[in-house]
$ cat input_28.tsv   # TSV, C-alpha atoms and all ligand atoms
chain	number	residue	atom	x	y	z
A	1	MET	CA	66.59	-15.59	6.34
A	2	LYS	CA	68.61	-13.57	8.84
A	3	LYS	CA	67.29	-10.39	10.45
A	4	SER	CA	69.51	-7.34	10.90
A	5	LEU	CA	70.38	-6.44	14.51
A	6	GLY	CA	72.40	-3.33	13.67
A	7	ALA	CA	76.03	-2.38	14.23
A	8	LYS	CA	76.52	-3.69	17.77
A	9	THR	CA	79.13	-5.40	19.91
A	10	LEU	CA	77.65	-8.87	19.55
A	11	LEU	CA	80.03	-11.81	19.41
A	12	PHE	CA	79.66	-15.21	21.01
A	13	PRO	CA	81.26	-16.12	23.28
A	14	THR	CA	83.33	-13.35	24.83
A	15	PRO	CA	85.70	-14.07	27.74
A	16	VAL	CA	85.48	-12.73	31.26
A	17	LEU	CA	88.92	-11.27	31.95
A	18	MET	CA	90.12	-9.99	35.30
A	19	VAL	CA	92.48	-7.12	34.51
A	20	GLY	CA	94.94	-6.44	37.31
A	21	SER	CA	96.87	-3.19	37.80
A	22	TYR	CA	98.45	-0.98	40.47
A	23	ASP	CA	97.07	2.52	40.75
A	24	ARG	CA	99.08	5.67	41.46
A	25	GLU	CA	98.98	5.01	45.22
A	26	GLY	CA	100.19	1.47	44.68
A	27	LYS	CA	96.81	-0.05	45.51
A	28	PRO	CA	96.10	-3.29	43.64
A	29	ASN	CA	92.99	-3.18	41.50
A	30	LEU	CA	91.01	-5.65	39.45
A	31	MET	CA	88.42	-4.94	36.75
A	32	ASN	CA	86.19	-7.14	34.68
A	33	ALA	CA	86.65	-6.89	30.92
A	34	ALA	CA	84.75	-8.81	28.28
A	35	TRP	CA	86.19	-6.91	25.32
A	36	GLY	CA	89.45	-8.74	24.85
A	37	GLY	CA	91.26	-11.86	23.78
A	38	LEU	CA	94.40	-13.27	22.20
A	39	CYS	CA	95.72	-11.24	19.29
A	40	CYS	CA	99.19	-12.53	18.32
A	41	SER	CA	100.96	-15.89	18.60
A	42	ASP	CA	104.58	-14.73	18.34
A	43	PRO	CA	105.27	-12.75	20.40
A	44	PRO	CA	102.32	-14.02	22.42
A	45	CYS	CA	99.96	-11.08	22.94
A	46	VAL	CA	96.58	-10.43	24.47
A	47	THR	CA	94.32	-7.41	24.18
A	48	VAL	CA	91.82	-5.75	26.50
A	49	SER	CA	89.76	-2.66	25.61
A	50	LEU	CA	89.06	-0.09	28.32
A	51	ARG	CA	87.07	3.11	28.52
A	52	LYS	CA	89.07	6.12	29.64
A	53	ALA	CA	86.82	6.54	32.71
A	54	ARG	CA	88.05	3.26	34.22
A	55	HIS	CA	90.38	3.61	37.20
A	56	SER	CA	92.43	0.85	35.58
A	57	TYR	CA	93.02	2.95	32.46
A	58	ASP	CA	95.61	5.40	33.86
A	59	ALA	CA	97.03	2.71	36.12
A	60	ILE	CA	97.99	0.48	33.18
A	61	LEU	CA	99.43	3.40	31.24
A	62	GLU	CA	101.55	4.55	34.18
A	63	ARG	CA	102.97	1.13	35.03
A	64	GLN	CA	103.06	-0.10	31.41
A	65	ALA	CA	101.83	-3.45	32.66
A	66	PHE	CA	98.73	-5.45	33.50
A	67	THR	CA	97.67	-8.98	34.28
A	68	VAL	CA	94.77	-10.94	32.84
A	69	GLY	CA	93.16	-13.49	35.14
A	70	ILE	CA	90.62	-15.99	33.88
A	71	ALA	CA	87.33	-15.62	35.75
A	72	CYS	CA	85.92	-18.97	36.81
A	73	GLU	CA	82.53	-20.39	37.85
A	74	GLY	CA	83.46	-20.60	41.53
A	75	LYS	CA	84.27	-16.88	41.67
A	76	MET	CA	81.43	-15.51	39.54
A	77	ALA	CA	80.11	-13.02	42.11
A	78	GLU	CA	83.62	-11.72	42.82
A	79	ALA	CA	84.27	-11.32	39.09
A	80	ASP	CA	81.01	-9.46	38.59
A	81	TYR	CA	81.72	-7.21	41.56
A	82	CYS	CA	84.99	-6.19	39.89
A	83	GLY	CA	82.87	-5.05	36.96
A	84	ILE	CA	80.46	-2.86	38.93
A	85	ALA	CA	82.69	-1.24	41.60
A	86	SER	CA	85.58	1.09	40.84
A	87	GLY	CA	89.03	1.05	42.35
A	88	SER	CA	88.79	4.83	42.47
A	89	SER	CA	86.61	4.55	45.58
A	90	VAL	CA	87.14	1.08	47.02
A	91	ASP	CA	89.75	-1.64	47.52
A	92	LYS	CA	88.09	-4.38	45.48
A	93	PHE	CA	90.54	-7.08	46.58
A	94	ALA	CA	89.70	-6.46	50.24
A	95	ALA	CA	85.97	-6.07	49.65
A	96	ALA	CA	85.68	-9.29	47.62
A	97	GLY	CA	88.04	-11.30	49.83
A	98	LEU	CA	90.57	-11.75	47.03
A	99	THR	CA	94.30	-12.09	47.65
A	100	PRO	CA	96.55	-9.73	45.70
A	101	VAL	CA	99.80	-11.25	44.49
A	102	ARG	CA	102.57	-9.06	43.06
A	103	SER	CA	103.80	-10.34	39.74
A	104	GLU	CA	107.54	-10.94	39.79
A	105	LEU	CA	107.73	-10.26	36.07
A	106	VAL	CA	105.60	-7.18	35.44
A	107	ASP	CA	104.52	-4.22	37.59
A	108	ALA	CA	100.98	-5.45	38.20
A	109	PRO	CA	99.07	-7.65	40.66
A	110	TYR	CA	96.76	-10.59	40.16
A	111	ALA	CA	94.25	-12.42	42.33
A	112	GLU	CA	95.43	-15.75	43.71
A	113	GLU	CA	91.86	-17.11	43.60
A	114	PHE	CA	91.54	-17.16	39.80
A	115	PRO	CA	93.10	-20.33	38.37
A	116	VAL	CA	95.08	-18.87	35.45
A	117	VAL	CA	96.84	-15.54	34.98
A	118	LEU	CA	98.65	-13.94	32.05
A	119	GLU	CA	101.38	-11.46	33.05
A	120	CYS	CA	101.63	-8.75	30.44
A	121	ARG	CA	103.90	-5.90	29.42
A	122	LEU	CA	102.01	-3.11	27.65
A	123	VAL	CA	103.37	-2.86	24.13
A	124	GLN	CA	100.81	-0.74	22.31
A	125	THR	CA	97.58	1.19	22.70
A	126	VAL	CA	95.10	1.76	19.90
A	127	GLU	CA	92.49	4.52	20.09
A	128	LEU	CA	89.35	3.02	18.65
A	129	GLY	CA	86.61	5.36	19.88
A	130	ILE	CA	84.96	5.01	23.25
A	131	HIS	CA	87.38	2.20	24.05
A	132	THR	CA	91.17	2.14	23.90
A	133	GLN	CA	92.71	-1.19	23.06
A	134	PHE	CA	95.62	-2.18	25.30
A	135	ILE	CA	97.88	-4.77	23.71
A	136	GLY	CA	100.08	-6.66	26.11
A	137	GLU	CA	102.91	-9.06	25.42
A	138	ILE	CA	102.37	-12.15	27.53
A	139	ILE	CA	105.58	-12.57	29.53
A	140	ASP	CA	104.34	-15.65	31.37
A	141	VAL	CA	101.20	-17.67	32.01
A	142	LYS	CA	100.75	-19.09	35.50
A	143	GLY	CA	98.17	-21.75	36.30
A	144	ASP	CA	97.12	-23.60	39.43
A	145	GLN	CA	98.15	-27.24	39.58
A	146	ALA	CA	94.47	-28.02	40.08
A	147	ALA	CA	93.71	-26.38	36.72
A	148	CYS	CA	95.99	-28.82	34.88
A	149	GLY	CA	95.13	-32.25	33.58
A	150	GLU	CA	97.21	-35.41	33.80
A	151	ASP	CA	99.15	-34.28	30.72
A	152	GLY	CA	100.33	-31.19	32.64
A	153	LEU	CA	98.46	-28.81	30.33
A	154	LEU	CA	95.77	-26.37	31.38
A	155	ASP	CA	92.41	-28.12	31.22
A	156	ILE	CA	89.37	-26.01	30.33
A	157	MET	CA	87.04	-28.37	32.21
A	158	LYS	CA	89.10	-27.87	35.39
A	159	ILE	CA	89.45	-24.10	34.92
A	160	ARG	CA	85.70	-23.79	34.32
A	161	PRO	CA	86.05	-20.30	32.79
A	162	LEU	CA	83.11	-17.93	32.70
A	163	VAL	CA	81.75	-17.05	29.29
A	164	TYR	CA	79.97	-13.72	28.82
A	165	ASP	CA	76.87	-13.30	26.66
A	166	PRO	CA	76.78	-9.67	25.48
A	167	SER	CA	73.26	-10.13	24.16
A	168	HIS	CA	71.54	-10.88	27.49
A	169	LYS	CA	74.41	-9.79	29.76
A	170	GLY	CA	74.74	-13.18	31.39
A	171	TYR	CA	77.53	-15.46	32.55
A	172	HIS	CA	77.63	-19.01	31.21
A	173	GLY	CA	79.89	-22.01	31.72
A	174	VAL	CA	81.64	-24.08	29.09
A	175	GLY	CA	80.26	-27.35	27.77
A	176	SER	CA	81.94	-30.65	27.10
A	177	LEU	CA	84.47	-31.40	24.36
A	178	LEU	CA	82.74	-31.76	20.99
A	179	GLY	CA	85.70	-32.50	18.74
A	180	LYS	CA	89.40	-32.03	18.08
A	181	ALA	CA	90.45	-28.81	16.34
A	182	PHE	CA	92.55	-29.05	13.17
A	183	SER	CA	91.10	-32.53	12.81
A	184	VAL	CA	87.31	-32.86	12.63
A	185	GLY	CA	87.25	-30.82	9.41
A	186	LYS	CA	89.79	-32.98	7.63
A	187	GLY	CA	87.09	-34.88	5.83
A	188	PHE	CA	86.53	-31.82	3.62
A	189	LEU	CA	90.20	-31.59	2.55
A	190	LYS	CA	90.60	-32.40	-1.13
B	201	LIG	C1	80.71	-8.52	32.34
B	201	LIG	C2	81.40	-7.17	32.32
B	201	LIG	C3	82.27	-6.88	31.29
B	201	LIG	C4	82.90	-5.64	31.23
B	201	LIG	N1	83.76	-5.38	30.20
B	201	LIG	C5	84.39	-4.18	30.14
B	201	LIG	C6	85.34	-3.92	29.10
B	201	LIG	O1	85.64	-4.78	28.27
B	201	LIG	N2	85.91	-2.71	29.08
B	201	LIG	C7	85.63	-1.72	30.00
B	201	LIG	O2	86.19	-0.61	29.92
B	201	LIG	N3	84.75	-1.96	31.02
B	201	LIG	C8	84.15	-3.17	31.12
B	201	LIG	N4	83.28	-3.44	32.15
B	201	LIG	C9	83.04	-2.40	33.16
B	201	LIG	C10	84.18	-2.27	34.17
B	201	LIG	O3	84.61	-3.53	34.65
B	201	LIG	C11	83.69	-1.42	35.35
B	201	LIG	O4	83.41	-0.10	34.90
B	201	LIG	C12	84.66	-1.39	36.51
B	201	LIG	O5	84.02	-0.76	37.61
B	201	LIG	C13	85.95	-0.65	36.20
B	201	LIG	O6	86.79	-0.77	37.31
B	201	LIG	P1	87.91	0.29	37.66
B	201	LIG	O7	87.26	1.66	37.65
B	201	LIG	O8	88.36	-0.12	39.03
B	201	LIG	O9	88.99	0.17	36.63
B	201	LIG	C14	82.66	-4.68	32.24
B	201	LIG	C15	81.81	-4.99	33.30
B	201	LIG	C16	81.19	-6.23	33.35
B	201	LIG	C17	80.28	-6.57	34.50
$ encode --input "input_28.tsv" --output "structure tokens"
Amino acid sequence: MKKSLGAKTLLFPTPVLMVGSYDREGKPNLMNAAWGGLCCSDPPCVTVSLRKARHSYDAILERQAFTVGIACEGKMAEADYCGIASGSSVDKFAAAGLTPVRSELVDAPYAEEFPVVLECRLVQTVELGIHTQFIGEIIDVKGDQAACGEDGLLDIMKIRPLVYDPSHKGYHGVGSLLGKAFSVGKGFLK
């Protein structure tokens, strides 16, 4: 029997997304967001949900663009720092030793040190309550060569993305491959 935990934001796993934007002064900023993920295949879109108090909030609206970096095990402390300090009072790139790179496709920066980045054009915002959902069309995905396998595709075991546990507020890593999607369930097809 299951016990009720109430109406809460509990979902497992959630990603650890590094949302990049330029503020009004043109300063690059990076914030940690766990409320987000892919939301459309064609056009390819990703969503992140931000509270209005975030420095990144106005920045994304003004530039109509943001980037989404994938936080990785090797940069866990830097990723967490971007979730506890605000760009309103500090240059997080400089403080965390991260290198800002200007996207050539959208008006937003990303950190060179995270292995994969999605460059996004803001296409829609949805007022949900305490959070506003920002939906971005993915204009390009850029990945480090070292994050790709021999087949040239991004390899999750090389990216080593962080996984966030909203229940205990912890960062986890990903485990090994358990099975092939669209395949292991075929035995149940009639
Ligand atoms: C693991 C983690 C996940 C977070 N997820 C979100 C989120 O999804 N949305 C949000 O608005 N803030 C989230 N935050 C908080 C912001 O990252 C934090 O308030 C940050 O300082 C905002 O930066 P900014 O003011 O420079 O935009 C998260 C923080 C952490 C540590």
$ closest_residue --input "input_28.tsv" --among "A:Gly143, A:Pro166, A:Gly129, A:Gly152" --to "Ala33 in chain A" --atoms "only C-alpha atoms"
A:Pro166
$ residues_near_ligand --input "input_28.tsv" --ligand "ligand LIG 201 (chain B)" --cutoff "10 Å" --atoms "only C-alpha atoms and all ligand atoms" --output "JSON, numbers by chain"
{"A": [14, 15, 16, 17, 18, 19, 20, 21, 23, 28, 29, 30, 31, 32, 33, 34, 35, 36, 47, 48, 49, 50, 51, 52, 53, 54, 55, 56, 57, 58, 59, 60, 77, 79, 80, 81, 82, 83, 84, 85, 86, 87, 88, 89, 90, 91, 92, 130, 131, 132, 133, 162, 163, 164, 165, 166, 169, 170, 171]}
$ write_last_selection --input "input_28.tsv" --atoms "C-alpha atoms" --output "compact mmCIF listing (two decimals), keeping the file's coordinate frame"
# COMPACT_ATOMS: atom_id res chain seq x y z
CA THR A 14 83.33 -13.35 24.83
CA PRO A 15 85.70 -14.07 27.74
CA VAL A 16 85.48 -12.73 31.26
CA LEU A 17 88.92 -11.27 31.95
CA MET A 18 90.12 -9.99 35.30
CA VAL A 19 92.48 -7.12 34.51
CA GLY A 20 94.94 -6.44 37.31
CA SER A 21 96.87 -3.19 37.80
CA ASP A 23 97.07 2.52 40.75
CA PRO A 28 96.10 -3.29 43.64
CA ASN A 29 92.99 -3.18 41.50
CA LEU A 30 91.01 -5.65 39.45
CA MET A 31 88.42 -4.94 36.75
CA ASN A 32 86.19 -7.14 34.68
CA ALA A 33 86.65 -6.89 30.92
CA ALA A 34 84.75 -8.81 28.28
CA TRP A 35 86.19 -6.91 25.32
CA GLY A 36 89.45 -8.74 24.85
CA THR A 47 94.32 -7.41 24.18
CA VAL A 48 91.82 -5.75 26.50
CA SER A 49 89.76 -2.66 25.61
CA LEU A 50 89.06 -0.09 28.32
CA ARG A 51 87.07 3.11 28.52
CA LYS A 52 89.07 6.12 29.64
CA ALA A 53 86.82 6.54 32.71
CA ARG A 54 88.05 3.26 34.22
CA HIS A 55 90.38 3.61 37.20
CA SER A 56 92.43 0.85 35.58
CA TYR A 57 93.02 2.95 32.46
CA ASP A 58 95.61 5.40 33.86
CA ALA A 59 97.03 2.71 36.12
CA ILE A 60 97.99 0.48 33.18
CA ALA A 77 80.11 -13.02 42.11
CA ALA A 79 84.27 -11.32 39.09
CA ASP A 80 81.01 -9.46 38.59
CA TYR A 81 81.72 -7.21 41.56
CA CYS A 82 84.99 -6.19 39.89
CA GLY A 83 82.87 -5.05 36.96
CA ILE A 84 80.46 -2.86 38.93
CA ALA A 85 82.69 -1.24 41.60
CA SER A 86 85.58 1.09 40.84
CA GLY A 87 89.03 1.05 42.35
CA SER A 88 88.79 4.83 42.47
CA SER A 89 86.61 4.55 45.58
CA VAL A 90 87.14 1.08 47.02
CA ASP A 91 89.75 -1.64 47.52
CA LYS A 92 88.09 -4.38 45.48
CA ILE A 130 84.96 5.01 23.25
CA HIS A 131 87.38 2.20 24.05
CA THR A 132 91.17 2.14 23.90
CA GLN A 133 92.71 -1.19 23.06
CA LEU A 162 83.11 -17.93 32.70
CA VAL A 163 81.75 -17.05 29.29
CA TYR A 164 79.97 -13.72 28.82
CA ASP A 165 76.87 -13.30 26.66
CA PRO A 166 76.78 -9.67 25.48
CA LYS A 169 74.41 -9.79 29.76
CA GLY A 170 74.74 -13.18 31.39
CA TYR A 171 77.53 -15.46 32.55
$ atom_distance --input "input_28.tsv" --atom1 "CA of Ile159 in chain A" --atom2 "CA of Phe114 in chain A"
8.7 Å
$ atom_distance --input "input_28.tsv" --atom1 "CA of Ala146 in chain A" --atom2 "CA of Val68 in chain A"
18.6 Å
$ atom_distance --input "input_28.tsv" --atom1 "CA of Asp140 in chain A" --atom2 "CA of Leu118 in chain A"
6.0 Å
$ axis_aligned_box --input "input_28.tsv" --around "range 154-171 of chain A" --padding-each-side "6 Å" --output "JSON"
{"center_x": 83.7, "center_y": -19.0, "center_z": 29.8, "size_x": 36.2, "size_y": 30.7, "size_z": 23.2}
$ closest_residue --input "input_28.tsv" --among "A:Leu189, A:Ile70, A:Leu178, A:Val123" --to "Cys45 in chain A" --atoms "only C-alpha atoms"
A:Val123
$ closest_residue --input "input_28.tsv" --among "A:Gly179, A:Gly187, A:Asp107, A:His168" --to "Phe12 in chain A" --atoms "all atoms listed in the file"
A:His168
$ residues_around --input "input_28.tsv" --residues "Pro44 in chain A" --least-positions-apart "5" --cutoff "10 Å" --atoms "all atoms listed in the file" --output "PyMOL selection string"
chain A and resi 38-39+120+136-140
$ residues_around --input "input_28.tsv" --residues "Leu154 in chain A" --least-positions-apart "6" --cutoff "12 Å" --atoms "all atoms listed in the file" --output "number ranges by chain"
A: 70, 115-117, 141-148, 160-161
$ closest_residue --input "input_28.tsv" --among "A:Ile135, A:Ala108, A:Met157, A:Val126" --to "Phe66 in chain A" --atoms "all atoms listed in the file"
A:Ala108
$ decode --input "input_28.tsv" --residues "range 138-151 of chain A" --atoms "N, CA and C atoms" --output "PDB file, in the first residue's frame"
ATOM      1  N   ILE A 138      15.222  24.933 -29.293  1.00  0.00           N
ATOM      2  CA  ILE A 138      16.645  24.568 -29.333  1.00  0.00           C
ATOM      3  C   ILE A 138      17.164  24.832 -30.748  1.00  0.00           C
ATOM      4  N   ILE A 139      18.026  25.847 -30.863  1.00  0.00           N
ATOM      5  CA  ILE A 139      18.567  26.213 -32.172  1.00  0.00           C
ATOM      6  C   ILE A 139      19.753  25.315 -32.524  1.00  0.00           C
ATOM      7  N   ASP A 140      20.522  24.953 -31.504  1.00  0.00           N
ATOM      8  CA  ASP A 140      21.634  24.019 -31.726  1.00  0.00           C
ATOM      9  C   ASP A 140      22.005  23.366 -30.400  1.00  0.00           C
ATOM     10  N   VAL A 141      22.580  22.195 -30.496  1.00  0.00           N
ATOM     11  CA  VAL A 141      23.178  21.520 -29.331  1.00  0.00           C
ATOM     12  C   VAL A 141      24.660  21.395 -29.628  1.00  0.00           C
ATOM     13  N   LYS A 142      25.494  21.830 -28.676  1.00  0.00           N
ATOM     14  CA  LYS A 142      26.934  21.702 -28.856  1.00  0.00           C
ATOM     15  C   LYS A 142      27.485  20.805 -27.754  1.00  0.00           C
ATOM     16  N   GLY A 143      28.340  19.878 -28.138  1.00  0.00           N
ATOM     17  CA  GLY A 143      28.911  18.947 -27.168  1.00  0.00           C
ATOM     18  C   GLY A 143      30.408  18.826 -27.353  1.00  0.00           C
ATOM     19  N   ASP A 144      31.111  18.643 -26.242  1.00  0.00           N
ATOM     20  CA  ASP A 144      32.553  18.402 -26.319  1.00  0.00           C
ATOM     21  C   ASP A 144      32.818  17.084 -27.052  1.00  0.00           C
ATOM     22  N   GLN A 145      33.925  17.052 -27.769  1.00  0.00           N
ATOM     23  CA  GLN A 145      34.336  15.804 -28.419  1.00  0.00           C
ATOM     24  C   GLN A 145      34.474  14.689 -27.384  1.00  0.00           C
ATOM     25  N   ALA A 146      34.989  15.074 -26.211  1.00  0.00           N
ATOM     26  CA  ALA A 146      35.208  14.086 -25.148  1.00  0.00           C
ATOM     27  C   ALA A 146      33.899  13.538 -24.577  1.00  0.00           C
ATOM     28  N   ALA A 147      32.787  14.192 -24.896  1.00  0.00           N
ATOM     29  CA  ALA A 147      31.482  13.722 -24.409  1.00  0.00           C
ATOM     30  C   ALA A 147      30.820  12.786 -25.409  1.00  0.00           C
ATOM     31  N   CYS A 148      31.492  12.559 -26.535  1.00  0.00           N
ATOM     32  CA  CYS A 148      30.924  11.694 -27.585  1.00  0.00           C
ATOM     33  C   CYS A 148      31.597  10.331 -27.583  1.00  0.00           C
ATOM     34  N   GLY A 149      30.823   9.337 -27.938  1.00  0.00           N
ATOM     35  CA  GLY A 149      31.353   7.986 -28.060  1.00  0.00           C
ATOM     36  C   GLY A 149      31.941   7.749 -29.438  1.00  0.00           C
ATOM     37  N   GLU A 150      32.343   6.503 -29.696  1.00  0.00           N
ATOM     38  CA  GLU A 150      32.960   6.185 -30.985  1.00  0.00           C
ATOM     39  C   GLU A 150      31.980   6.349 -32.138  1.00  0.00           C
ATOM     40  N   ASP A 151      30.677   6.276 -31.840  1.00  0.00           N
ATOM     41  CA  ASP A 151      29.671   6.465 -32.891  1.00  0.00           C
ATOM     42  C   ASP A 151      29.405   7.942 -33.182  1.00  0.00           C
TER      43      ASP A 151
END
